[in-house]
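Data file: upload_27.txt. Format and content: compact mmCIF, C-alpha atoms and all ligand atoms.
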# COMPACT_ATOMS: atom_id res chain seq x y z
CA MET A 1 -32.49 216.44 -135.58
CA SER A 2 -35.91 215.33 -134.42
CA GLU A 3 -36.57 214.57 -130.78
CA GLU A 4 -36.84 210.87 -131.56
CA GLU A 5 -33.51 210.66 -133.34
CA ASN A 6 -31.97 212.56 -130.53
CA ILE A 7 -33.11 210.02 -127.94
CA GLU A 8 -31.96 207.18 -130.12
CA SER A 9 -28.48 208.52 -130.54
CA ARG A 10 -28.23 209.21 -126.84
CA GLU A 11 -29.19 205.65 -125.98
CA ALA A 12 -26.84 204.01 -128.44
CA PRO A 13 -24.57 201.63 -126.53
CA PRO A 14 -20.91 202.63 -126.33
CA LYS A 15 -18.79 200.99 -128.96
CA LYS A 16 -16.84 198.11 -127.51
CA LYS A 17 -13.24 197.96 -128.49
CA TYR A 18 -12.38 195.08 -126.22
CA GLU A 19 -14.90 192.31 -125.87
CA PHE A 20 -12.92 189.92 -123.65
CA ILE A 21 -10.29 190.53 -120.99
CA GLU A 22 -7.56 188.97 -123.14
CA ASP A 23 -8.27 191.61 -125.81
CA LEU A 24 -7.09 194.34 -123.45
CA PRO A 25 -3.64 195.75 -124.12
CA GLY A 26 -1.02 194.21 -121.85
CA VAL A 27 -3.19 191.24 -120.90
CA GLY A 28 -1.62 188.03 -122.15
CA PRO A 29 -3.01 184.53 -121.59
CA ALA A 30 -1.22 184.11 -118.26
CA THR A 31 -2.45 187.42 -116.89
CA ALA A 32 -5.96 186.70 -118.17
CA GLN A 33 -5.93 183.42 -116.27
CA LYS A 34 -4.77 185.14 -113.09
CA LEU A 35 -7.54 187.69 -113.49
CA ARG A 36 -10.06 184.88 -113.86
CA ASP A 37 -8.72 183.17 -110.78
CA LEU A 38 -9.30 186.42 -108.93
CA GLY A 39 -12.91 186.49 -110.16
CA TYR A 40 -12.58 188.91 -113.07
CA HIS A 41 -13.99 187.12 -116.12
CA THR A 42 -15.43 190.11 -117.92
CA VAL A 43 -14.30 193.55 -119.01
CA GLU A 44 -17.23 194.98 -117.03
CA SER A 45 -16.16 193.58 -113.68
CA LEU A 46 -12.52 194.47 -114.30
CA ALA A 47 -13.58 198.04 -114.96
CA MET A 48 -14.85 198.26 -111.37
CA ALA A 49 -11.70 196.83 -109.77
CA THR A 50 -9.11 198.91 -107.94
CA ALA A 51 -5.38 198.58 -108.60
CA ARG A 52 -5.00 197.27 -105.06
CA GLU A 53 -7.46 194.48 -105.68
CA LEU A 54 -5.32 193.34 -108.62
CA GLU A 55 -2.18 193.16 -106.49
CA PRO A 56 -2.22 189.30 -106.31
CA ILE A 57 -1.68 188.99 -110.08
CA GLY A 58 1.74 190.56 -109.58
CA VAL A 59 1.98 192.96 -112.53
CA GLY A 60 2.60 196.04 -110.40
CA GLU A 61 0.33 198.93 -109.64
CA LYS A 62 1.02 200.93 -112.77
CA LYS A 63 0.21 198.12 -115.14
CA ALA A 64 -2.83 197.10 -113.09
CA PHE A 65 -4.11 200.64 -113.31
CA ALA A 66 -3.60 200.69 -117.09
CA MET A 67 -5.59 197.48 -117.44
CA ILE A 68 -8.45 198.89 -115.38
CA GLU A 69 -8.41 202.08 -117.45
CA ALA A 70 -8.54 200.08 -120.69
CA ALA A 71 -11.45 198.04 -119.33
CA ARG A 72 -13.21 201.23 -118.37
CA SER A 73 -12.81 202.80 -121.76
CA ALA A 74 -14.07 199.56 -123.33
CA ILE A 75 -17.40 199.88 -121.55
CA GLY A 76 -17.70 203.62 -122.17
CA PHE A 77 -16.38 204.57 -118.78
CA SER A 78 -13.38 206.59 -119.82
CA PHE A 79 -14.03 209.81 -118.00
CA VAL A 80 -12.12 211.65 -115.37
CA ARG A 81 -12.53 210.89 -111.72
CA ALA A 82 -14.47 213.96 -110.63
CA ASP A 83 -17.48 213.38 -112.82
CA GLU A 84 -17.27 209.61 -112.70
CA LEU A 85 -19.80 209.28 -109.93
CA LEU A 86 -22.09 211.81 -111.49
CA LYS A 87 -22.10 209.97 -114.80
CA MET A 88 -22.80 206.68 -113.05
CA ARG A 89 -25.57 208.30 -111.07
CA GLN A 90 -27.27 209.41 -114.28
CA ASN A 91 -27.59 205.78 -115.32
CA VAL A 92 -29.33 204.67 -112.12
CA LEU A 93 -32.55 202.80 -112.84
CA ARG A 94 -35.34 201.82 -110.48
CA LEU A 95 -37.14 198.57 -109.89
CA THR A 96 -40.65 198.41 -108.45
CA THR A 97 -41.40 196.31 -105.37
CA GLY A 98 -44.97 195.78 -106.52
CA SER A 99 -46.33 198.04 -103.79
CA LYS A 100 -46.73 201.74 -104.50
CA ALA A 101 -46.43 202.51 -100.80
CA LEU A 102 -43.16 200.64 -100.50
CA ASP A 103 -41.86 202.24 -103.70
CA ARG A 104 -42.78 205.62 -102.23
CA ILE A 105 -40.44 205.34 -99.23
CA LEU A 106 -37.73 204.30 -101.70
CA ASP A 107 -38.47 207.30 -103.91
CA GLY A 108 -39.67 205.16 -106.79
CA GLY A 109 -38.25 201.70 -106.16
CA LEU A 110 -34.98 199.87 -105.61
CA GLU A 111 -31.97 201.52 -107.22
CA THR A 112 -29.40 199.94 -109.47
CA GLN A 113 -25.70 200.32 -108.54
CA THR A 114 -26.33 200.06 -104.81
CA ILE A 115 -27.23 197.37 -102.32
CA THR A 116 -30.63 197.27 -100.67
CA GLU A 117 -30.90 195.26 -97.49
CA PHE A 118 -34.15 193.89 -96.09
CA TYR A 119 -33.88 192.79 -92.51
CA GLY A 120 -36.45 191.47 -90.12
CA GLU A 121 -37.67 188.50 -88.17
CA TYR A 122 -38.78 185.13 -89.42
CA GLY A 123 -41.81 185.45 -91.68
CA SER A 124 -41.56 189.22 -92.06
CA GLY A 125 -41.61 188.93 -95.85
CA LYS A 126 -37.96 189.23 -96.89
CA SER A 127 -37.95 186.18 -99.15
CA GLN A 128 -41.39 187.03 -100.50
CA ILE A 129 -40.08 190.41 -101.63
CA CYS A 130 -37.08 188.69 -103.24
CA HIS A 131 -39.38 186.40 -105.21
CA GLN A 132 -41.51 189.33 -106.31
CA LEU A 133 -38.47 191.30 -107.46
CA CYS A 134 -37.34 188.33 -109.59
CA VAL A 135 -40.60 188.63 -111.50
CA ASN A 136 -40.81 192.44 -111.54
CA VAL A 137 -37.30 192.87 -112.93
CA GLN A 138 -38.52 191.18 -116.10
CA LEU A 139 -41.22 193.78 -116.70
CA PRO A 140 -40.60 196.61 -119.16
CA PRO A 141 -39.53 199.96 -117.67
CA GLU A 142 -43.01 201.46 -118.15
CA ARG A 143 -44.29 198.85 -115.68
CA GLY A 144 -41.46 199.42 -113.24
CA GLY A 145 -39.13 196.68 -114.46
CA LEU A 146 -35.69 196.58 -116.03
CA ASN A 147 -36.31 194.16 -118.90
CA GLY A 148 -33.72 191.87 -117.37
CA GLY A 149 -33.17 188.59 -115.60
CA ALA A 150 -32.48 187.73 -111.96
CA LEU A 151 -29.76 185.83 -110.16
CA TYR A 152 -30.93 184.25 -106.91
CA VAL A 153 -28.31 183.03 -104.48
CA ASP A 154 -30.26 180.97 -101.97
CA THR A 155 -28.59 179.97 -98.73
CA GLU A 156 -31.52 178.45 -96.87
CA ASN A 157 -33.34 176.59 -99.60
CA THR A 158 -36.29 178.96 -99.50
CA PHE A 159 -36.66 179.65 -103.20
CA ARG A 160 -40.00 178.35 -104.49
CA LEU A 161 -40.78 178.16 -108.18
CA GLU A 162 -44.49 177.84 -107.43
CA ARG A 163 -44.45 181.29 -105.90
CA ILE A 164 -42.75 182.72 -108.98
CA VAL A 165 -45.43 181.12 -111.17
CA GLN A 166 -48.24 182.59 -109.02
CA MET A 167 -46.72 186.05 -109.13
CA ALA A 168 -45.98 185.90 -112.85
CA LYS A 169 -49.54 184.86 -113.66
CA HIS A 170 -50.92 187.68 -111.57
CA LEU A 171 -48.90 190.18 -113.62
CA GLY A 172 -50.07 188.61 -116.89
CA LEU A 173 -46.62 187.25 -117.75
CA ASP A 174 -45.89 183.84 -119.22
CA PRO A 175 -44.66 181.82 -116.23
CA GLU A 176 -42.53 179.55 -118.37
CA GLN A 177 -40.65 182.51 -119.77
CA VAL A 178 -40.32 184.16 -116.37
CA VAL A 179 -38.82 181.04 -114.85
CA LYS A 180 -36.26 180.85 -117.66
CA ASN A 181 -34.96 184.30 -116.80
CA ILE A 182 -34.09 183.42 -113.22
CA ILE A 183 -30.71 181.89 -112.58
CA TYR A 184 -30.76 179.98 -109.35
CA ALA A 185 -27.75 179.05 -107.26
CA GLU A 186 -27.81 177.34 -103.91
CA ALA A 187 -24.95 178.19 -101.58
CA TYR A 188 -24.00 175.41 -99.18
CA THR A 189 -21.51 177.26 -96.99
CA SER A 190 -20.32 180.82 -96.57
CA ASP A 191 -17.21 180.04 -98.64
CA HIS A 192 -19.38 178.57 -101.36
CA GLN A 193 -21.61 181.63 -101.21
CA MET A 194 -18.56 183.86 -101.72
CA PHE A 195 -17.26 181.65 -104.49
CA LEU A 196 -20.56 181.84 -106.35
CA LEU A 197 -20.53 185.62 -106.32
CA GLU A 198 -16.86 185.82 -107.24
CA ASN A 199 -17.62 183.81 -110.35
CA ALA A 200 -20.93 185.41 -111.22
CA ASP A 201 -19.85 188.12 -113.64
CA GLU A 202 -19.98 185.97 -116.78
CA VAL A 203 -23.39 184.56 -115.91
CA ILE A 204 -24.67 188.06 -115.23
CA LYS A 205 -23.43 189.31 -118.56
CA ALA A 206 -24.61 186.33 -120.61
CA ASN A 207 -28.12 186.41 -119.15
CA ASN A 208 -28.69 190.16 -118.98
CA ILE A 209 -29.10 189.91 -115.21
CA LYS A 210 -30.37 193.14 -113.69
CA LEU A 211 -31.12 191.86 -110.19
CA ILE A 212 -28.72 190.01 -107.89
CA ILE A 213 -30.23 188.54 -104.73
CA ILE A 214 -28.48 186.98 -101.75
CA ASP A 215 -31.10 185.42 -99.49
CA SER A 216 -29.80 185.27 -96.80
CA LEU A 217 -26.57 187.22 -96.68
CA THR A 218 -25.70 186.30 -93.11
CA ALA A 219 -27.23 182.89 -92.28
CA HIS A 220 -24.14 180.80 -93.15
CA PHE A 221 -21.74 183.31 -91.64
CA ARG A 222 -23.77 183.34 -88.47
CA SER A 223 -23.78 179.59 -88.05
CA GLU A 224 -20.14 179.03 -89.04
CA TYR A 225 -18.38 181.85 -87.24
CA ILE A 226 -19.27 181.37 -83.63
CA GLY A 227 -17.89 183.22 -80.66
CA ARG A 228 -15.98 186.41 -80.12
CA GLU A 229 -12.65 185.21 -81.44
CA MET A 230 -14.18 184.52 -84.86
CA LEU A 231 -16.00 187.82 -85.10
CA ALA A 232 -13.18 189.72 -86.77
CA SER A 233 -12.67 187.18 -89.54
CA ARG A 234 -16.41 186.92 -90.09
CA GLN A 235 -16.69 190.67 -90.52
CA GLN A 236 -13.71 190.75 -92.83
CA LYS A 237 -15.26 188.10 -95.08
CA LEU A 238 -18.66 189.73 -95.02
CA ASN A 239 -17.03 193.01 -95.95
CA LYS A 240 -15.26 191.45 -98.91
CA HIS A 241 -18.45 189.71 -100.01
CA MET A 242 -20.45 192.93 -99.89
CA HIS A 243 -17.81 194.80 -101.85
CA LYS A 244 -17.89 192.15 -104.52
CA LEU A 245 -21.65 192.50 -104.70
CA LEU A 246 -21.42 196.27 -104.93
CA GLY A 247 -18.85 195.97 -107.72
CA LEU A 248 -21.18 193.71 -109.72
CA ALA A 249 -24.15 196.03 -109.17
CA ARG A 250 -22.09 198.93 -110.50
CA ALA A 251 -20.48 197.05 -113.37
CA PHE A 252 -23.77 195.77 -114.75
CA ASN A 253 -26.07 198.58 -113.60
CA ALA A 254 -28.02 196.01 -111.60
CA VAL A 255 -30.08 196.08 -108.43
CA ALA A 256 -28.46 194.16 -105.55
CA VAL A 257 -30.60 192.84 -102.71
CA VAL A 258 -29.54 191.08 -99.53
CA THR A 259 -31.67 189.77 -96.70
CA ASN A 260 -30.65 189.63 -93.10
CA GLN A 261 -32.17 188.30 -89.94
CA VAL A 262 -32.25 190.19 -86.70
CA MET A 263 -31.07 189.45 -83.23
CA ALA A 264 -32.42 190.70 -79.99
CA LYS A 265 -30.09 192.81 -77.91
CA PRO A 266 -30.84 191.67 -74.38
CA ASP A 267 -28.83 194.49 -72.81
CA VAL A 268 -30.93 197.22 -74.34
CA PHE A 269 -33.95 198.13 -72.28
CA PHE A 270 -35.02 201.27 -74.03
CA GLY A 271 -35.54 202.04 -77.67
CA ASP A 272 -35.05 199.53 -80.42
CA ALA A 273 -33.86 196.24 -79.02
CA ILE A 274 -33.65 194.61 -82.41
CA SER A 275 -30.65 194.88 -84.66
CA PRO A 276 -29.60 193.27 -87.93
CA ILE A 277 -26.87 190.65 -87.93
CA GLY A 278 -23.45 191.63 -89.18
CA GLY A 279 -23.43 195.02 -87.52
CA HIS A 280 -21.66 198.00 -88.95
CA ILE A 281 -19.70 196.52 -91.81
CA VAL A 282 -22.82 195.28 -93.51
CA GLY A 283 -24.50 198.53 -92.60
CA HIS A 284 -21.90 200.72 -94.25
CA THR A 285 -21.79 198.87 -97.52
CA SER A 286 -25.50 198.33 -97.93
CA HIS A 287 -26.65 201.73 -98.89
CA THR A 288 -30.33 201.33 -98.27
CA ARG A 289 -31.70 199.38 -95.34
CA LEU A 290 -35.30 198.45 -94.73
CA TYR A 291 -36.64 196.90 -91.57
CA LEU A 292 -39.66 194.66 -92.06
CA ARG A 293 -42.08 193.49 -89.41
CA ARG A 294 -45.53 192.02 -89.11
CA ALA A 295 -48.34 194.45 -88.33
CA SER A 296 -50.33 191.81 -86.44
CA ARG A 297 -51.62 188.48 -87.58
CA GLY A 298 -52.53 188.42 -91.25
CA PRO A 299 -50.92 189.60 -94.46
CA VAL A 300 -50.02 193.17 -93.50
CA ARG A 301 -46.36 194.09 -93.05
CA ILE A 302 -44.67 197.30 -91.98
CA ALA A 303 -41.57 198.48 -93.80
CA ARG A 304 -39.35 201.14 -92.34
CA LEU A 305 -36.58 202.82 -94.28
CA VAL A 306 -33.88 202.87 -91.64
CA SER A 307 -30.99 204.27 -93.61
CA SER A 308 -30.36 205.60 -97.05
CA PRO A 309 -27.66 207.84 -98.52
CA TYR A 310 -30.14 210.62 -99.20
CA LEU A 311 -33.74 209.65 -98.39
CA PRO A 312 -35.50 210.51 -95.13
CA GLU A 313 -36.64 207.77 -92.77
CA GLY A 314 -40.11 206.62 -93.61
CA GLU A 315 -42.63 203.94 -92.81
CA GLU A 316 -45.30 202.36 -94.98
CA ILE A 317 -47.44 199.24 -94.98
CA PHE A 318 -47.89 196.59 -97.63
CA LYS A 319 -49.22 193.04 -97.70
CA VAL A 320 -48.07 189.60 -98.72
CA THR A 321 -50.81 187.66 -100.49
CA GLU A 322 -51.24 184.82 -102.94
CA ASN A 323 -50.58 187.39 -105.70
CA GLY A 324 -47.32 188.53 -104.14
CA ILE A 325 -46.41 191.95 -102.73
CA GLU A 326 -49.36 194.31 -102.87
CA ASP A 327 -50.67 197.56 -101.47
CA VAL A 328 -53.12 197.64 -98.60
CA SER A 329 -56.28 199.22 -99.96
CA GLU A 330 -57.88 202.28 -98.34
CA GLU A 331 -60.86 200.11 -97.47
CA GLU A 332 -58.69 197.55 -95.71
CA LYS A 333 -56.99 200.34 -93.79
CA THR A 334 -60.36 201.67 -92.60
CA ASN A 335 -61.59 198.21 -91.65
CA LYS A 336 -58.47 197.61 -89.67
CA HIS A 337 -59.08 200.86 -87.88
CA ARG A 338 -62.57 199.75 -86.96
CA ASP A 339 -61.28 196.47 -85.50
CA HIS A 340 -59.16 198.26 -82.94
N1 LIG A 401 -48.80 181.83 -101.16
C1 LIG A 401 -48.86 182.70 -100.17
N2 LIG A 401 -49.98 183.40 -99.95
C2 LIG A 401 -50.06 184.29 -98.96
N3 LIG A 401 -49.06 184.56 -98.09
C3 LIG A 401 -47.92 183.90 -98.26
C4 LIG A 401 -47.74 182.95 -99.30
N4 LIG A 401 -46.50 182.46 -99.21
C5 LIG A 401 -45.92 183.07 -98.17
N5 LIG A 401 -46.76 183.95 -97.59
C6 LIG A 401 -46.51 184.78 -96.41
O1 LIG A 401 -45.15 185.04 -96.30
C7 LIG A 401 -44.64 184.58 -95.04
C8 LIG A 401 -43.22 184.09 -95.22
O2 LIG A 401 -42.45 185.20 -95.49
P1 LIG A 401 -40.93 185.09 -95.92
O3 LIG A 401 -40.62 183.71 -96.32
O4 LIG A 401 -40.68 186.17 -96.88
O5 LIG A 401 -40.23 185.40 -94.55
P2 LIG A 401 -38.71 185.81 -94.30
O6 LIG A 401 -38.73 187.20 -93.83
O7 LIG A 401 -37.92 185.50 -95.50
O8 LIG A 401 -38.35 184.84 -93.10
P3 LIG A 401 -36.98 184.05 -92.76
O9 LIG A 401 -36.22 184.96 -91.86
O10 LIG A 401 -37.44 182.81 -92.09
O11 LIG A 401 -36.28 183.78 -94.04
C9 LIG A 401 -45.59 183.50 -94.61
O12 LIG A 401 -45.60 183.38 -93.22
C10 LIG A 401 -46.91 184.02 -95.14
O13 LIG A 401 -47.44 184.97 -94.23
MG MG A 402 -36.46 184.09 -95.96
Produce structure tokens that represent the structure in this file.
Ligand SMILES: Nc1ncnc2c1ncn2[C@@H]1O[C@H](COP(=O)(O)OP(=O)(O)OP(=O)(O)O)[C@@H](O)[C@H]1O
Ligand SMILES: [Mg+2]
Amino acid sequence: MSEEENIESREAPPKKKYEFIEDLPGVGPATAQKLRDLGYHTVESLAMATARELEPIGVGEKKAFAMIEAARSAIGFSFVRADELLKMRQNVLRLTTGSKALDRILDGGLETQTITEFYGEYGSGKSQICHQLCVNVQLPPERGGLNGGALYVDTENTFRLERIVQMAKHLGLDPEQVVKNIIYAEAYTSDHQMFLLENADEVIKANNIKLIIIDSLTAHFRSEYIGREMLASRQQKLNKHMHKLLGLARAFNAVAVVTNQVMAKPDVFFGDAISPIGGHIVGHTSHTRLYLRRASRGPVRIARLVSSPYLPEGEEIFKVTENGIEDVSEEEKTNKHRDH
């Protein structure tokens, strides 16, 4: 077999025995409806569920497990537990940020199957990065993209089509086409935000979505859950929301991005007095966290990789311009040096 044929056969998609959830053995119309009510509309998302998560449909753990197994085998996921993670890991793809420096601290770009969190103050560039990623995801892999579409859940009405058009033009893409591949959803409350994600699996599948953005993850939660007595329920909801997001990222081999604002910790006098909202629960689920801040006035931003499952901490600079997210040139770096 020639090398070419070999690659082709390796990349052939797994044969799908069950296209829809009602095709799965043991799933009748009533069960299918209950699954949908729980937010499982596709075989892919069901494959990432746990038997415990299916408890509300009332079929018992054994049957729930059998349904998940059938869904898994339908999407070519029918392997034993021990090498499950390894196999998934081999399918991880990377999406470029548009800045080589920023990609470098991420070891090549944002990963699929995990959540990447950008946190930082107002104007630090979180939403600008989100816009850029919506365009970049549509690029072919040789240009750092994933040949896919984007889903943008916007909680603060910050999404701007004009920015997408500017960025698309700069990359030589047809803006009209680029805009068509972005599915936009505005979330009005935290419950609505959760609802949108719980019902996103079909949209993701139908539109070949490879990037799921929640900008901002915490804004609604922060304004609705006020005071200490509401903290526990806020964290519980945020936790559930993040797990849903992670499940979608894994099911569809997509990049998941959330943004988060920061709050000052007035009781901390030494060290870093800034911390992202949502605390540890968000921190544990979001596998890669980047802290963004302004360098000074002007377009330059500093990104610090604060935590990652396996990458070292690192810091790099990039800039936000009319074109989008770009590298700071060597010349600009030297000039900046001279100014000081
Ligand atoms: N067309 C543009 N040309 C150059 N710079 C721009 C352009 N649009 C936005 N910016 C830069 O991006 C900044 C806004 O960044 P962004 O909206 O990403 O902030 P953010 O981190 O999302 O803030 P927030 O916490 O308020 O959501 C502007 O202050 C400006 O510096
Ligand atoms: Mg923003």
Select all residues near (-33.1, 186.4, -110.9) (cut-off 6 Å, inclusive, file coordinates), counting only C-alpha atoms, and output them as a ChimeraX atom specification. /A:134,149-152,182-183,211
How would the residues just chosen look if you wrote them out with C-alpha atoms as a PDB file, in the frame of the given file?
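Written output follows (out_28.pdb):
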ATOM      1  CA  CYS A 134     -37.340 188.330-109.590  1.00  0.00           C
ATOM      2  CA  GLY A 149     -33.170 188.590-115.600  1.00  0.00           C
ATOM      3  CA  ALA A 150     -32.480 187.730-111.960  1.00  0.00           C
ATOM      4  CA  LEU A 151     -29.760 185.830-110.160  1.00  0.00           C
ATOM      5  CA  TYR A 152     -30.930 184.250-106.910  1.00  0.00           C
ATOM      6  CA  ILE A 182     -34.090 183.420-113.220  1.00  0.00           C
ATOM      7  CA  ILE A 183     -30.710 181.890-112.580  1.00  0.00           C
ATOM      8  CA  LEU A 211     -31.120 191.860-110.190  1.00  0.00           C
TER       9      LEU A 211
END
With segment 34-44 of chain A as the partner and 9 Å as the cut-off, tabulate the residues of segment 236-260 of chain A that qualify, each row holding the nearest pair of atoms and their distance in Å to one decimal, using only C-alpha atoms, sorted by chain and rising number, as CSV.
residue,atom,partner,partner_atom,distance
A:Leu248,CA,A:Glu44,CA,8.4
A:Ala251,CA,A:Glu44,CA,5.3
A:Phe252,CA,A:Glu44,CA,7.0
Chain A near ligand LIG 401 (chain A) within 6 Å: what's each residue's closest atom pair and its distance in Å to one decimal, counting all atoms listed in the file, ordered by chain then ascending residue number, as JSON lines?
{"residue": "A:Glu121", "atom": "CA", "partner": "A:LIG401", "partner_atom": "O9", "distance": 5.3}
{"residue": "A:Tyr122", "atom": "CA", "partner": "A:LIG401", "partner_atom": "O9", "distance": 3.5}
{"residue": "A:Gly123", "atom": "CA", "partner": "A:LIG401", "partner_atom": "O5", "distance": 3.3}
{"residue": "A:Ser124", "atom": "CA", "partner": "A:LIG401", "partner_atom": "O6", "distance": 3.9}
{"residue": "A:Gly125", "atom": "CA", "partner": "A:LIG401", "partner_atom": "O4", "distance": 3.1}
{"residue": "A:Lys126", "atom": "CA", "partner": "A:LIG401", "partner_atom": "O6", "distance": 3.8}
{"residue": "A:Ser127", "atom": "CA", "partner": "A:LIG401", "partner_atom": "O4", "distance": 3.6}
{"residue": "A:Gln128", "atom": "CA", "partner": "A:LIG401", "partner_atom": "O4", "distance": 3.8}
{"residue": "A:Gln261", "atom": "CA", "partner": "A:LIG401", "partner_atom": "O9", "distance": 5.6}
{"residue": "A:Pro299", "atom": "CA", "partner": "A:LIG401", "partner_atom": "O13", "distance": 5.8}
{"residue": "A:Val320", "atom": "CA", "partner": "A:LIG401", "partner_atom": "N3", "distance": 5.2}
{"residue": "A:Thr321", "atom": "CA", "partner": "A:LIG401", "partner_atom": "C2", "distance": 3.8}
{"residue": "A:Glu322", "atom": "CA", "partner": "A:LIG401", "partner_atom": "N2", "distance": 3.5}
Convert the current residue selection to file output with C-alpha atoms, as a CSV table (one decimal), in the coordinates of the input.
chain,number,residue,atom,x,y,z
A,121,GLU,CA,-37.7,188.5,-88.2
A,122,TYR,CA,-38.8,185.1,-89.4
A,123,GLY,CA,-41.8,185.4,-91.7
A,124,SER,CA,-41.6,189.2,-92.1
A,125,GLY,CA,-41.6,188.9,-95.8
A,126,LYS,CA,-38.0,189.2,-96.9
A,127,SER,CA,-38.0,186.2,-99.2
A,128,GLN,CA,-41.4,187.0,-100.5
A,261,GLN,CA,-32.2,188.3,-89.9
A,299,PRO,CA,-50.9,189.6,-94.5
A,320,VAL,CA,-48.1,189.6,-98.7
A,321,THR,CA,-50.8,187.7,-100.5
A,322,GLU,CA,-51.2,184.8,-102.9
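Ranking A:Ala249, A:Leu305, A:Ala219, A:Ala66 by their shortest atom-to-atom distance to ligand MG 402 (chain A), with all atoms listed in the file included, puts A:Ala219 first.
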Grab me every residue within 12 Å of ligand MG 402 (chain A), counting all atoms listed in the file, and send it over as a ChimeraX atom specification. /A:118-131,153-160,213-219,258-262,292
Excluding Leu311 of chain A and any residue of its chain fewer than 3 positions from it, enumerate the residues within 10 Å of it, using all atoms listed in the file, and give them as an MDAnalysis selection string. chainID A and resid 105:107 288 305:308 314
Report, in Å to a single decimal, how far apart atom CA of Gly278 of chain A and atom CA of Glu53 of chain A are. 23.2 Å
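Across the structure, atom CA of Met263 of chain A and atom CA of Glu224 of chain A are spaced 16.2 Å apart.
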So how many Å separate atom CA of Ser45 of chain A and atom CA of Gly148 of chain A, to one decimal?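 That distance, rounded to one decimal, is 18.0 Å.
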Pick out the residues sitting within 8 Å of Leu95 of chain A, and hand them over as a JSON list (two decimals) with C-alpha atoms, in the coordinates of the input; count only C-alpha atoms, and ignore anything fewer than 3 positions along from it in its own chain.
[["chain", "number", "residue", "atom", "x", "y", "z"],
["A", 108, "GLY", "CA", -39.67, 205.16, -106.79],
["A", 109, "GLY", "CA", -38.25, 201.70, -106.16],
["A", 110, "LEU", "CA", -34.98, 199.87, -105.61],
["A", 111, "GLU", "CA", -31.97, 201.52, -107.22],
["A", 112, "THR", "CA", -29.40, 199.94, -109.47],
["A", 133, "LEU", "CA", -38.47, 191.30, -107.46],
["A", 136, "ASN", "CA", -40.81, 192.44, -111.54],
["A", 137, "VAL", "CA", -37.30, 192.87, -112.93],
["A", 144, "GLY", "CA", -41.46, 199.42, -113.24],
["A", 145, "GLY", "CA", -39.13, 196.68, -114.46],
["A", 146, "LEU", "CA", -35.69, 196.58, -116.03],
["A", 255, "VAL", "CA", -30.08, 196.08, -108.43]]
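Using all atoms listed in the file, the shortest contact distance between Ser99 of chain A and any of A:Met67, A:Glu331, A:Val178, A:Ala303 is found at A:Ala303.
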Taking only C-alpha atoms into account, which of A:Glu332, A:Glu69, A:Glu186, A:Glu229 comes nearest Gly298 of chain A?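 Using only C-alpha atoms, Gly298 of chain A sits closest to A:Glu332.
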